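Next up, start30.cif (mmCIF, C-alpha atoms and all ligand atoms):
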```
data_run
loop_
_atom_site.label_atom_id
_atom_site.label_comp_id
_atom_site.auth_asym_id
_atom_site.auth_seq_id
_atom_site.Cartn_x
_atom_site.Cartn_y
_atom_site.Cartn_z
CA MET A 842 -75.28 88.71 98.80
CA ARG A 843 -74.64 92.14 100.26
CA ASP A 844 -73.62 95.14 98.17
CA PRO A 845 -71.09 97.80 99.21
CA PHE A 846 -73.89 99.90 100.71
CA GLY A 847 -75.04 97.07 102.98
CA ARG A 848 -78.17 96.23 100.95
CA GLU A 849 -79.01 92.53 100.85
CA ILE A 850 -79.77 91.39 97.30
CA THR A 851 -82.66 88.94 97.33
CA TYR A 852 -84.66 89.83 94.23
CA LEU A 853 -83.87 89.01 90.60
CA ARG A 854 -85.82 90.31 87.63
CA VAL A 855 -85.34 88.31 84.47
CA SER A 856 -86.20 89.82 81.11
CA VAL A 857 -86.87 86.66 79.11
CA THR A 858 -87.26 88.44 75.78
CA ASP A 859 -86.96 92.01 74.49
CA ARG A 860 -89.80 91.32 72.02
CA CYS A 861 -93.40 92.31 72.53
CA ASP A 862 -96.74 92.08 70.77
CA LEU A 863 -97.50 95.72 71.70
CA ARG A 864 -95.62 99.02 71.23
CA CYS A 865 -96.56 101.20 74.20
CA VAL A 866 -95.65 104.77 73.36
CA TYR A 867 -93.59 105.40 76.53
CA CYS A 868 -91.73 102.09 76.21
CA MET A 869 -90.83 101.52 72.57
CA ALA A 870 -90.53 103.19 69.21
CA GLU A 871 -92.99 101.88 66.62
CA GLU A 872 -90.18 100.42 64.53
CA MET A 873 -88.02 98.48 66.95
CA THR A 874 -84.92 96.50 66.12
CA PHE A 875 -85.00 93.46 68.34
CA LEU A 876 -82.05 91.31 69.32
CA PRO A 877 -81.10 88.57 66.88
CA LYS A 878 -82.42 85.23 68.20
CA ALA A 879 -78.88 83.79 68.13
CA GLU A 880 -77.87 86.16 70.92
CA LEU A 881 -80.50 84.95 73.36
CA LEU A 882 -79.79 82.60 76.19
CA THR A 883 -81.78 79.41 75.86
CA LEU A 884 -84.51 78.77 78.43
CA GLU A 885 -82.24 76.16 80.02
CA GLU A 886 -79.47 78.74 80.31
CA LEU A 887 -81.82 81.30 81.84
CA GLU A 888 -82.83 78.69 84.39
CA ARG A 889 -79.21 77.84 85.12
CA VAL A 890 -78.31 81.48 85.77
CA SER A 891 -81.44 81.92 87.90
CA ALA A 892 -80.49 78.82 89.90
CA ALA A 893 -77.05 80.30 90.55
CA PHE A 894 -78.70 83.47 91.86
CA ILE A 895 -80.95 81.37 94.12
CA ARG A 896 -77.92 79.54 95.53
CA LEU A 897 -76.37 82.94 96.26
CA GLY A 898 -79.41 84.18 98.19
CA VAL A 899 -82.09 85.37 95.75
CA ARG A 900 -85.52 84.48 97.15
CA LYS A 901 -87.83 86.20 94.70
CA ILE A 902 -87.78 86.10 90.92
CA ARG A 903 -89.96 88.09 88.57
CA LEU A 904 -90.15 87.22 84.89
CA THR A 905 -90.64 90.21 82.67
CA GLY A 906 -89.55 91.58 79.31
CA GLY A 907 -90.54 92.68 76.66
CA GLU A 908 -93.61 90.53 76.93
CA PRO A 909 -92.51 87.38 78.77
CA LEU A 910 -95.46 85.30 77.62
CA VAL A 911 -94.63 85.71 73.92
CA ARG A 912 -91.33 83.86 74.28
CA ARG A 913 -91.74 80.44 72.76
CA ASP A 914 -92.09 77.65 75.36
CA VAL A 915 -91.66 80.14 78.22
CA MET A 916 -93.80 77.86 80.41
CA ARG A 917 -90.87 75.45 80.51
CA LEU A 918 -88.86 78.10 82.35
CA VAL A 919 -91.84 78.96 84.56
CA ARG A 920 -92.26 75.31 85.53
CA GLY A 921 -88.53 74.88 86.12
CA LEU A 922 -88.35 77.89 88.40
CA GLY A 923 -91.70 77.08 90.02
CA ALA A 924 -90.26 73.74 91.11
CA ARG A 925 -87.66 75.68 93.12
CA ILE A 926 -90.28 77.43 95.26
CA GLY A 927 -89.72 76.18 98.79
CA HIS A 928 -86.19 75.11 97.87
CA GLY A 929 -84.41 78.44 98.21
CA LEU A 930 -86.94 80.44 96.24
CA ASP A 931 -89.89 82.00 98.10
CA GLU A 932 -91.78 83.50 95.22
CA LEU A 933 -92.03 83.49 91.43
CA THR A 934 -94.00 86.27 89.79
CA VAL A 935 -94.62 87.62 86.30
CA THR A 936 -95.18 91.07 84.83
CA THR A 937 -97.24 90.88 81.66
CA ASN A 938 -99.37 92.98 79.35
CA GLY A 939 -102.06 90.32 79.74
CA SER A 940 -102.50 89.56 76.05
CA GLN A 941 -101.61 85.86 76.42
CA LEU A 942 -103.20 85.22 79.80
CA THR A 943 -106.31 83.47 78.54
CA ARG A 944 -103.90 80.81 77.30
CA PHE A 945 -101.44 80.73 80.19
CA ALA A 946 -103.19 81.76 83.43
CA GLY A 947 -104.01 78.19 84.47
CA ASP A 948 -100.48 76.98 83.68
CA LEU A 949 -98.95 79.83 85.66
CA ALA A 950 -101.04 78.97 88.71
CA ALA A 951 -100.24 75.27 88.33
CA ALA A 952 -96.52 76.09 88.21
CA GLY A 953 -96.71 77.85 91.58
CA VAL A 954 -97.17 81.49 90.55
CA ARG A 955 -99.50 83.19 93.04
CA ARG A 956 -99.36 86.85 92.06
CA ILE A 957 -98.96 88.63 88.74
CA ASN A 958 -98.70 92.23 87.64
CA VAL A 959 -100.70 93.18 84.57
CA SER A 960 -100.06 96.47 82.81
CA LEU A 961 -103.19 98.39 81.94
CA ASP A 962 -103.01 102.17 81.62
CA THR A 963 -106.61 102.88 80.68
CA LEU A 964 -110.07 101.33 80.63
CA ASP A 965 -111.01 103.15 77.44
CA PRO A 966 -110.73 100.90 74.35
CA ALA A 967 -109.71 103.70 71.97
CA LYS A 968 -107.13 105.08 74.37
CA PHE A 969 -105.78 101.59 74.96
CA THR A 970 -105.18 101.19 71.24
CA ALA A 971 -103.58 104.64 71.06
CA ILE A 972 -101.21 103.97 73.99
CA THR A 973 -100.20 100.49 72.83
CA ARG A 974 -100.22 101.59 69.16
CA TRP A 975 -102.14 98.51 68.04
CA GLY A 976 -103.42 96.53 71.05
CA ARG A 977 -107.04 95.60 71.72
CA ILE A 978 -108.26 96.09 75.26
CA GLU A 979 -110.62 93.09 75.14
CA LYS A 980 -107.69 90.70 74.91
CA THR A 981 -106.04 92.16 77.99
CA LEU A 982 -109.29 92.33 79.97
CA ASP A 983 -110.13 88.72 79.06
CA GLY A 984 -106.63 87.79 80.19
CA ILE A 985 -107.01 89.60 83.50
CA PHE A 986 -110.27 87.84 84.25
CA ALA A 987 -108.85 84.47 83.22
CA ALA A 988 -106.04 85.07 85.71
CA LYS A 989 -108.53 86.00 88.40
CA ALA A 990 -110.52 82.85 87.68
CA ALA A 991 -107.31 80.81 87.95
CA GLY A 992 -106.86 82.15 91.49
CA LEU A 993 -103.96 84.52 90.79
CA ALA A 994 -103.76 87.72 92.84
CA ILE A 995 -103.58 90.64 90.44
CA LYS A 996 -101.92 94.00 90.63
CA ILE A 997 -102.67 96.41 87.83
CA ASN A 998 -99.69 98.55 86.76
CA ALA A 999 -100.59 101.87 85.19
CA VAL A 1000 -98.13 104.46 83.95
CA ALA A 1001 -99.52 107.91 84.74
CA LEU A 1002 -99.49 109.89 81.50
CA LYS A 1003 -100.13 113.60 81.35
CA GLY A 1004 -103.16 114.45 79.24
CA VAL A 1005 -103.77 110.77 78.42
CA ASN A 1006 -105.07 108.82 81.40
CA GLU A 1007 -104.87 111.36 84.20
CA ASP A 1008 -108.62 111.97 84.02
CA GLU A 1009 -109.29 108.24 84.39
CA LEU A 1010 -107.35 107.38 87.49
CA ASP A 1011 -110.36 107.76 89.82
CA ARG A 1012 -112.28 105.35 87.64
CA MET A 1013 -109.40 102.91 87.69
CA VAL A 1014 -109.25 103.00 91.49
CA ALA A 1015 -112.97 102.19 91.55
CA TRP A 1016 -112.64 99.42 88.93
CA CYS A 1017 -109.73 97.79 90.76
CA GLY A 1018 -111.67 98.02 94.01
CA GLU A 1019 -114.69 96.37 92.40
CA HIS A 1020 -112.65 93.41 91.15
CA GLY A 1021 -110.27 93.00 94.09
CA PHE A 1022 -107.11 94.17 92.33
CA ASP A 1023 -104.38 96.36 93.78
CA LEU A 1024 -103.30 99.26 91.59
CA CYS A 1025 -99.79 100.47 91.15
CA LEU A 1026 -99.15 103.86 89.53
CA ILE A 1027 -95.79 104.51 87.88
CA GLU A 1028 -94.04 107.69 86.75
CA THR A 1029 -92.59 107.54 83.23
CA MET A 1030 -88.87 107.00 83.21
CA PRO A 1031 -86.57 108.31 80.46
CA MET A 1032 -85.30 105.02 79.04
CA GLY A 1033 -84.48 104.38 75.39
CA ASP A 1034 -85.48 106.33 72.32
CA ILE A 1035 -89.19 106.48 71.65
CA ASP A 1036 -90.90 108.39 68.87
CA GLY A 1037 -92.39 111.14 71.02
CA ASP A 1038 -91.31 113.75 73.51
CA ARG A 1039 -91.13 112.40 77.06
CA THR A 1040 -91.57 115.76 78.71
CA ASP A 1041 -95.06 115.72 77.18
CA GLN A 1042 -95.91 112.51 79.03
CA TYR A 1043 -94.41 113.07 82.43
CA LEU A 1044 -96.89 113.49 85.28
CA PRO A 1045 -95.56 113.62 88.87
CA LEU A 1046 -97.38 111.19 91.14
CA SER A 1047 -97.36 113.73 93.98
CA ILE A 1048 -100.02 115.57 91.94
CA VAL A 1049 -101.93 112.38 91.19
CA ARG A 1050 -101.98 111.38 94.82
CA ALA A 1051 -103.25 114.79 95.95
CA ARG A 1052 -106.04 114.55 93.38
CA LEU A 1053 -107.02 111.00 94.38
CA ALA A 1054 -107.13 112.06 98.02
CA LYS A 1055 -110.08 114.31 97.13
CA SER A 1056 -112.23 111.30 96.21
CA TRP A 1057 -110.79 108.50 98.32
CA THR A 1058 -109.73 108.00 101.92
CA LEU A 1059 -106.06 107.16 101.56
CA THR A 1060 -104.15 106.01 104.62
CA GLU A 1061 -100.45 105.27 104.80
CA THR A 1062 -99.45 101.65 105.26
CA ASP A 1063 -96.14 99.95 105.75
CA TYR A 1064 -97.23 97.13 103.39
CA ALA A 1065 -94.29 96.23 101.15
CA THR A 1066 -93.79 93.66 98.42
CA GLY A 1067 -90.02 93.98 98.24
CA GLY A 1068 -90.44 96.43 95.36
CA PRO A 1069 -90.04 100.19 95.14
CA ALA A 1070 -93.75 101.06 95.54
CA ARG A 1071 -95.03 102.98 98.57
CA TYR A 1072 -98.57 101.85 99.36
CA VAL A 1073 -101.69 103.47 100.76
CA ASN A 1074 -104.94 101.75 101.74
CA VAL A 1075 -108.12 102.92 100.05
CA GLY A 1076 -110.77 103.08 102.77
CA GLU A 1077 -113.75 102.81 100.40
CA THR A 1078 -112.54 99.77 98.43
CA GLY A 1079 -110.33 97.87 100.87
CA GLN A 1080 -107.66 97.62 98.13
CA ARG A 1081 -104.26 99.27 97.99
CA ILE A 1082 -102.69 101.82 95.68
CA GLY A 1083 -98.92 101.76 95.21
CA PHE A 1084 -96.90 104.69 93.92
CA ILE A 1085 -93.62 104.13 92.09
CA THR A 1086 -91.90 107.50 91.92
CA PRO A 1087 -88.41 107.15 90.45
CA MET A 1088 -88.47 110.76 89.29
CA THR A 1089 -89.82 112.60 92.34
CA HIS A 1090 -88.57 110.29 95.07
CA ASN A 1091 -85.53 108.16 94.74
CA PHE A 1092 -86.19 104.80 96.41
CA CYS A 1093 -82.69 103.41 95.92
CA GLU A 1094 -81.74 103.25 99.59
CA SER A 1095 -83.81 100.10 100.05
CA CYS A 1096 -83.03 98.51 96.66
CA ASN A 1097 -82.72 94.74 96.96
CA ARG A 1098 -82.68 93.78 93.29
CA VAL A 1099 -80.59 93.13 90.23
CA ARG A 1100 -81.64 92.37 86.66
CA LEU A 1101 -80.75 89.79 84.05
CA THR A 1102 -81.44 90.30 80.35
CA CYS A 1103 -82.27 87.58 77.86
CA THR A 1104 -78.70 87.78 76.51
CA GLY A 1105 -77.18 87.05 79.90
CA THR A 1106 -76.21 90.60 80.81
CA MET A 1107 -76.64 91.53 84.44
CA TYR A 1108 -77.57 95.11 85.29
CA MET A 1109 -77.04 96.19 88.85
CA CYS A 1110 -79.34 99.23 88.46
CA LEU A 1111 -82.24 100.01 86.13
CA GLY A 1112 -81.04 103.59 85.78
CA GLN A 1113 -77.30 103.07 85.24
CA ASP A 1114 -75.29 101.64 82.36
CA ASP A 1115 -72.80 99.49 84.24
CA ALA A 1116 -73.35 95.80 83.48
CA ALA A 1117 -71.72 92.40 83.83
CA ASP A 1118 -71.50 89.71 81.17
CA LEU A 1119 -72.72 86.41 82.62
CA ARG A 1120 -73.02 84.62 79.27
CA THR A 1121 -69.27 84.11 78.89
CA PRO A 1122 -68.72 82.44 82.30
CA LEU A 1123 -71.99 80.52 81.84
CA ARG A 1124 -70.85 79.03 78.54
CA ALA A 1125 -67.20 78.62 79.56
CA SER A 1126 -67.84 75.52 81.64
CA GLY A 1127 -70.57 73.25 82.90
CA ASP A 1128 -69.64 73.93 86.47
CA ASP A 1129 -71.06 77.16 87.83
CA ALA A 1130 -68.09 78.39 89.89
CA ALA A 1131 -67.06 81.04 87.35
CA LEU A 1132 -70.69 82.13 86.91
CA GLU A 1133 -71.19 82.56 90.66
CA ALA A 1134 -67.88 84.44 90.93
CA ALA A 1135 -68.98 86.80 88.13
CA ILE A 1136 -72.30 87.47 89.90
CA LEU A 1137 -70.59 88.20 93.23
CA GLU A 1138 -68.04 90.45 91.55
CA ALA A 1139 -70.88 92.42 89.89
CA ILE A 1140 -72.75 92.84 93.20
CA GLU A 1141 -69.61 94.58 94.49
CA ARG A 1142 -70.18 97.20 91.78
CA LYS A 1143 -73.86 97.86 92.49
CA PRO A 1144 -74.19 101.65 92.39
CA LYS A 1145 -75.74 103.66 95.19
CA GLY A 1146 -78.64 104.77 93.05
CA HIS A 1147 -80.06 106.02 89.80
CA ASP A 1148 -80.22 109.65 88.83
CA PHE A 1149 -83.06 109.81 86.35
CA VAL A 1150 -83.78 113.33 85.25
CA ILE A 1151 -85.75 114.39 82.26
CA ASP A 1152 -83.34 116.48 80.24
CA ARG A 1153 -85.81 119.10 79.08
CA ARG A 1154 -83.37 120.94 76.84
CA ARG A 1155 -82.15 118.00 74.82
CA ASN A 1156 -84.92 115.51 75.57
CA ARG A 1157 -82.43 112.67 75.65
CA PRO A 1158 -83.17 109.47 77.56
CA ALA A 1159 -81.21 109.05 80.81
CA VAL A 1160 -80.20 105.55 79.76
CA ALA A 1161 -80.00 104.54 76.13
CA ARG A 1162 -81.46 101.04 76.46
CA HIS A 1163 -85.20 100.47 76.45
CA MET A 1164 -87.11 99.28 79.49
CA SER A 1165 -88.08 96.20 77.46
CA LEU A 1166 -84.45 95.06 77.36
CA THR A 1167 -83.65 95.44 81.04
CA GLY A 1168 -87.14 94.45 82.13
CA GLY A 1169 -89.54 96.81 83.88
N1 LIG A 1201 -94.69 93.67 78.72
C1 LIG A 1201 -94.91 93.55 80.12
C2 LIG A 1201 -95.83 94.62 80.64
O1 LIG A 1201 -96.10 95.57 79.90
O2 LIG A 1201 -96.26 94.49 81.78
C3 LIG A 1201 -93.64 93.52 80.94
C4 LIG A 1201 -92.55 94.46 80.58
S1 LIG A 1201 -92.92 96.18 80.72
C5 LIG A 1201 -91.39 96.92 80.19
C6 LIG A 1201 -92.97 96.36 82.47
C7 LIG A 1201 -93.56 97.65 83.00
O3 LIG A 1201 -92.72 98.72 82.65
C8 LIG A 1201 -94.94 97.97 82.46
O4 LIG A 1201 -95.83 98.17 83.54
C9 LIG A 1201 -94.74 99.25 81.71
O5 LIG A 1201 -95.85 100.08 81.79
C10 LIG A 1201 -93.53 99.85 82.38
N2 LIG A 1201 -92.76 100.76 81.56
C11 LIG A 1201 -92.28 100.57 80.31
N3 LIG A 1201 -91.58 101.64 79.89
C12 LIG A 1201 -91.62 102.54 80.89
C13 LIG A 1201 -91.10 103.85 81.09
N4 LIG A 1201 -90.37 104.45 80.15
N5 LIG A 1201 -91.35 104.47 82.26
C14 LIG A 1201 -92.08 103.87 83.22
N6 LIG A 1201 -92.59 102.64 83.12
C15 LIG A 1201 -92.38 101.99 81.97
FE1 LIG A 1202 -94.60 95.74 75.49
FE2 LIG A 1202 -94.76 95.98 78.13
FE3 LIG A 1202 -93.27 97.71 76.70
FE4 LIG A 1202 -95.90 97.80 76.47
S1 LIG A 1202 -94.72 98.20 78.34
S2 LIG A 1202 -94.43 97.81 74.77
S3 LIG A 1202 -96.49 95.72 76.70
S4 LIG A 1202 -92.89 95.57 76.94
#
```
Once you've parsed the file, please lay out its structure as structure tokens.
Ligand code: SAM
Ligand code: SF4
Amino acid sequence: MRDPFGREITYLRVSVTDRCDLRCVYCMAEEMTFLPKAELLTLEELERVSAAFIRLGVRKIRLTGGEPLVRRDVMRLVRGLGARIGHGLDELTVTTNGSQLTRFAGDLAAAGVRRINVSLDTLDPAKFTAITRWGRIEKTLDGIFAAKAAGLAIKINAVALKGVNEDELDRMVAWCGEHGFDLCLIETMPMGDIDGDRTDQYLPLSIVRARLAKSWTLTETDYATGGPARYVNVGETGQRIGFITPMTHNFCESCNRVRLTCTGTMYMCLGQDDAADLRTPLRASGDDAALEAAILEAIERKPKGHDFVIDRRRNRPAVARHMSLTGG
């Protein structure tokens, strides 16, 4: 699949649920209205759409959400997709908040998952509870170490938050180095209504990187995971730090991905509203010709890029939907 700008589309992110057991302040409002269960694709349908994408050239799938591991029976989907590794699919990964990993880490590894991303913005228990509104850090840390014990490679995702975790990032680099985890830092993106003011949270990673360079020997690397992060090696720890900078550097020119929501809507860009309905062609017939045609037609509409800006005057999100719907 090639889009109008010549980019080959090989990466699908599937948001398997918009629900979550946490309420991170930059991601959700405290009182969220979730999608009615009747609107969700079944796990079988999600697998069928994913299989169509694989036939059309997708080689990497990431399951995300919401919290993917809170969807009932999600391991059925993981096993189904895992069985396709080596048969069109190169890699299956998961992005999770870690809260269910003590239960699922072994099953994920057995299904063929080799790498996971776990979101952890702080190592401070009180701050963790404040950021997630009601989470407990122990659960996530236990999950992370269960995943490590199961042999999964771990990348820690941390959103850089002004005045919240910016003083801790050195410590997190050290902690990740100690345990053999890569670290990926993310700028906050203006997606969906939250309860607070986003301009209060936004911290440019150019500043973070300059500060980290005072304590660590950072060298550029061309390491790439097919995602938007730019990586540096950390001389002292031997691990990597990735920077995802949608606000200060637009990485769209190399975008290779599209997204599927749990209702069967395909988004061609995280930062744009244009979408394609795949649920109707999926349910219209048991043969996937119409579904594949709808996917290919949508790829033709993939926009050149996002244009996230924080609207400081009106403080309105750039896109109305939450990250948990499209899948971060
Ligand atoms: N619940 C899982 C988790 O937290 O890893 C998966 C979904 S979550 C939406 C995926 C990633 O998006 C997380 O690393 C989270 O920190 C990030 N995220 C959520 N809202 C964001 C925002 N407004 N700006 C930047 N990153 C955001
Ligand atoms: Fe849930 Fe992940 Fe959003 Fe936090 S970032 S509220 S864990 S979906």
What are the nearest atom pairs, with distances in Å to one decimal, for all residues of chain A that come at most 8 Å from ligand LIG 1201 (chain A), using all atoms listed in the file, set out by chain and rising residue number as a Markdown table?
```
| residue | atom | partner | partner_atom | distance |
| --- | --- | --- | --- | --- |
| A:Ser856 | CA | A:LIG1201 | C4 | 7.9 |
| A:Cys861 | CA | A:LIG1201 | N1 | 6.5 |
| A:Leu863 | CA | A:LIG1201 | N1 | 7.8 |
| A:Cys865 | CA | A:LIG1201 | C11 | 7.5 |
| A:Tyr867 | CA | A:LIG1201 | N4 | 4.9 |
| A:Cys868 | CA | A:LIG1201 | N3 | 3.7 |
| A:Met869 | CA | A:LIG1201 | N3 | 7.4 |
| A:Thr905 | CA | A:LIG1201 | C3 | 4.8 |
| A:Gly906 | CA | A:LIG1201 | C4 | 4.3 |
| A:Gly907 | CA | A:LIG1201 | N1 | 4.7 |
| A:Glu908 | CA | A:LIG1201 | N1 | 3.8 |
| A:Pro909 | CA | A:LIG1201 | C3 | 6.6 |
| A:Thr936 | CA | A:LIG1201 | O2 | 4.7 |
| A:Thr937 | CA | A:LIG1201 | O2 | 3.7 |
| A:Asn938 | CA | A:LIG1201 | C2 | 4.1 |
| A:Gly939 | CA | A:LIG1201 | O2 | 7.4 |
| A:Asn958 | CA | A:LIG1201 | O2 | 6.7 |
| A:Val959 | CA | A:LIG1201 | O2 | 5.4 |
| A:Ser960 | CA | A:LIG1201 | O2 | 4.4 |
| A:Leu961 | CA | A:LIG1201 | O5 | 7.5 |
| A:Asp962 | CA | A:LIG1201 | O5 | 7.5 |
| A:Asn998 | CA | A:LIG1201 | O4 | 5.0 |
| A:Ala999 | CA | A:LIG1201 | O5 | 6.1 |
| A:Val1000 | CA | A:LIG1201 | O5 | 5.4 |
| A:Ile1027 | CA | A:LIG1201 | C14 | 6.0 |
| A:Glu1028 | CA | A:LIG1201 | C14 | 5.6 |
| A:Thr1029 | CA | A:LIG1201 | N5 | 3.5 |
| A:Met1030 | CA | A:LIG1201 | N5 | 3.7 |
| A:Pro1031 | CA | A:LIG1201 | N4 | 5.4 |
| A:Met1032 | CA | A:LIG1201 | N4 | 5.2 |
| A:Gly1033 | CA | A:LIG1201 | N4 | 7.6 |
| A:His1163 | CA | A:LIG1201 | N3 | 7.3 |
| A:Met1164 | CA | A:LIG1201 | C5 | 4.9 |
| A:Ser1165 | CA | A:LIG1201 | C5 | 4.4 |
| A:Leu1166 | CA | A:LIG1201 | C5 | 7.7 |
| A:Thr1167 | CA | A:LIG1201 | C5 | 7.9 |
| A:Gly1168 | CA | A:LIG1201 | C5 | 5.3 |
| A:Gly1169 | CA | A:LIG1201 | C6 | 3.7 |
```
Padding 5 Å on every side, please: axis-aligned box over the listed atoms of ligand LIG 1202 (chain A), centre and edge lengths to one decimal in Å, as JSON.
```
{"center_x": -94.7, "center_y": 96.9, "center_z": 76.6, "size_x": 13.6, "size_y": 12.6, "size_z": 13.6}
```
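The protein and nucleic acid residues lying at most 12 Å from Cys1093 (chain A) are Phe846, Arg848, Gly1068, Pro1069, Ala1070, Ile1085, Thr1086, Pro1087, Met1088, Asn1097, Arg1098, Val1099, Met1109, Cys1110, Leu1111, Gly1112, Gln1113, Lys1143, Pro1144, Lys1145, Gly1146, His1147, Asp1148 and Phe1149 of chain A, with only C-alpha atoms considered and sequence neighbours fewer than 4 positions away removed.
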Grab the residues selected above and save them as a compact mmCIF listing (two decimals), in the coordinates of the input with C-alpha atoms.
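File produced: part17.txt:
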```
# COMPACT_ATOMS: atom_id res chain seq x y z
CA PHE A 846 -73.89 99.90 100.71
CA ARG A 848 -78.17 96.23 100.95
CA GLY A 1068 -90.44 96.43 95.36
CA PRO A 1069 -90.04 100.19 95.14
CA ALA A 1070 -93.75 101.06 95.54
CA ILE A 1085 -93.62 104.13 92.09
CA THR A 1086 -91.90 107.50 91.92
CA PRO A 1087 -88.41 107.15 90.45
CA MET A 1088 -88.47 110.76 89.29
CA ASN A 1097 -82.72 94.74 96.96
CA ARG A 1098 -82.68 93.78 93.29
CA VAL A 1099 -80.59 93.13 90.23
CA MET A 1109 -77.04 96.19 88.85
CA CYS A 1110 -79.34 99.23 88.46
CA LEU A 1111 -82.24 100.01 86.13
CA GLY A 1112 -81.04 103.59 85.78
CA GLN A 1113 -77.30 103.07 85.24
CA LYS A 1143 -73.86 97.86 92.49
CA PRO A 1144 -74.19 101.65 92.39
CA LYS A 1145 -75.74 103.66 95.19
CA GLY A 1146 -78.64 104.77 93.05
CA HIS A 1147 -80.06 106.02 89.80
CA ASP A 1148 -80.22 109.65 88.83
CA PHE A 1149 -83.06 109.81 86.35
```
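Between CA of Phe1092 (chain A) and CA of Thr851 (chain A) lies a distance of 16.3 Å.
For region 941-943 of chain A, the set of protein, DNA and RNA residues having any atom at most 6 Å away, when counting only C-alpha atoms and skipping those fewer than 2 positions along the same chain, is Gly939, Phe945, Ala946, Gly984 and Ala987 of chain A.
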Go ahead and dump the residues you just picked, C-alpha atoms, as a PDB file, in the frame of the given file.
```
ATOM      1  CA  GLY A 939    -102.060  90.320  79.740  1.00  0.00           C
ATOM      2  CA  PHE A 945    -101.440  80.730  80.190  1.00  0.00           C
ATOM      3  CA  ALA A 946    -103.190  81.760  83.430  1.00  0.00           C
ATOM      4  CA  GLY A 984    -106.630  87.790  80.190  1.00  0.00           C
ATOM      5  CA  ALA A 987    -108.850  84.470  83.220  1.00  0.00           C
TER       6      ALA A 987
END
```
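Between CA of Glu1138 (chain A) and CA of Thr1106 (chain A) the separation is 13.5 Å.
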*Pick the closest to ligand LIG 1202 (chain A) from A:Leu922, A:Met842, A:Ala1065, A:Val866: which is it, counting only C-alpha atoms and all ligand atoms?*
A:Val866
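Taking CA of Glu888 (chain A) as the reference point, CA of Leu876 (chain A) is found at 19.7 Å.
Take the candidates A:Asn1006, A:Asn1074, A:Thr981, A:Gln1080 and check each one against Phe1022 (chain A) using only C-alpha atoms; the shortest distance goes to A:Gln1080.
Nearest to ligand LIG 1202 (chain A) of all the residues A:Phe969, A:Tyr852, A:Tyr1072, A:Phe1084 is A:Phe969, counting only C-alpha atoms and all ligand atoms.
The smallest atom-to-atom distance between Ile995 (chain A) and any of A:Ser1047, A:Thr934, A:Gln1042, A:Thr1102, using all atoms listed in the file, is found for A:Thr934.
Nearest-residue note for His928 (chain A): choosing from A:Ala950, A:Gly1037, A:Ala892, A:Arg912, the minimum distance belongs to A:Ala892, counting only C-alpha atoms.
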_Residue among A:Asp965, A:Asp1011, A:Asp983, A:Asp859 lying closest to Leu1026 (chain A), counting all atoms listed in the file_ = A:Asp1011
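Taking all atoms listed in the file into account, those protein, DNA and RNA residues with any atom at most 12 Å away from (-109.9, 101.0, 78.5) amount to Ser960, Leu961, Asp962, Thr963, Leu964, Asp965, Pro966, Ala967, Lys968, Phe969, Thr970, Ala971, Ile972, Thr973, Gly976, Arg977, Ile978, Glu979, Lys980, Thr981, Leu982, Ala999, Val1005, Asn1006, Glu1009, Leu1010, Arg1012, Met1013 and Trp1016 of chain A.
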*Nearby residues (only C-alpha atoms) at most 9 Å from region 1126-1134 of chain A, same-chain spacing under 5 positions excluded, as an NGL selection string*: :A and (889-890 or 893-894 or 896-897 or 1119-1121 or 1139)
Taking the structure I provided as the source, export region 903-932 of chain A with C-alpha atoms, as a compact mmCIF listing (two decimals), in the first residue's frame.
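Output file part_13.txt follows:
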```txt
# COMPACT_ATOMS: atom_id res chain seq x y z
CA ARG A 903 0.55 -2.72 17.69
CA LEU A 904 -2.39 -3.27 20.01
CA THR A 905 -3.23 -0.26 22.10
CA GLY A 906 -6.22 1.63 23.47
CA GLY A 907 -7.48 2.73 26.00
CA GLU A 908 -5.89 -0.02 27.99
CA PRO A 909 -5.74 -3.03 25.65
CA LEU A 910 -5.32 -5.56 28.44
CA VAL A 911 -8.62 -4.64 30.12
CA ARG A 912 -10.66 -5.79 27.12
CA ARG A 913 -12.30 -9.06 28.01
CA ASP A 914 -10.63 -12.09 26.37
CA VAL A 915 -8.14 -9.85 24.55
CA MET A 916 -5.63 -12.72 24.61
CA ARG A 917 -7.77 -14.46 22.00
CA LEU A 918 -6.98 -11.63 19.60
CA VAL A 919 -3.32 -11.63 20.64
CA ARG A 920 -3.05 -15.36 19.98
CA GLY A 921 -4.89 -15.05 16.66
CA LEU A 922 -2.60 -12.30 15.44
CA GLY A 923 0.48 -13.94 16.97
CA ALA A 924 -0.20 -17.00 14.80
CA ARG A 925 0.24 -14.75 11.74
CA ILE A 926 3.81 -13.80 12.66
CA GLY A 927 5.98 -15.23 9.91
CA HIS A 928 2.95 -15.44 7.61
CA GLY A 929 2.85 -11.86 6.37
CA LEU A 930 3.21 -10.26 9.78
CA ASP A 931 6.72 -9.53 11.10
CA GLU A 932 5.89 -8.19 14.51
```
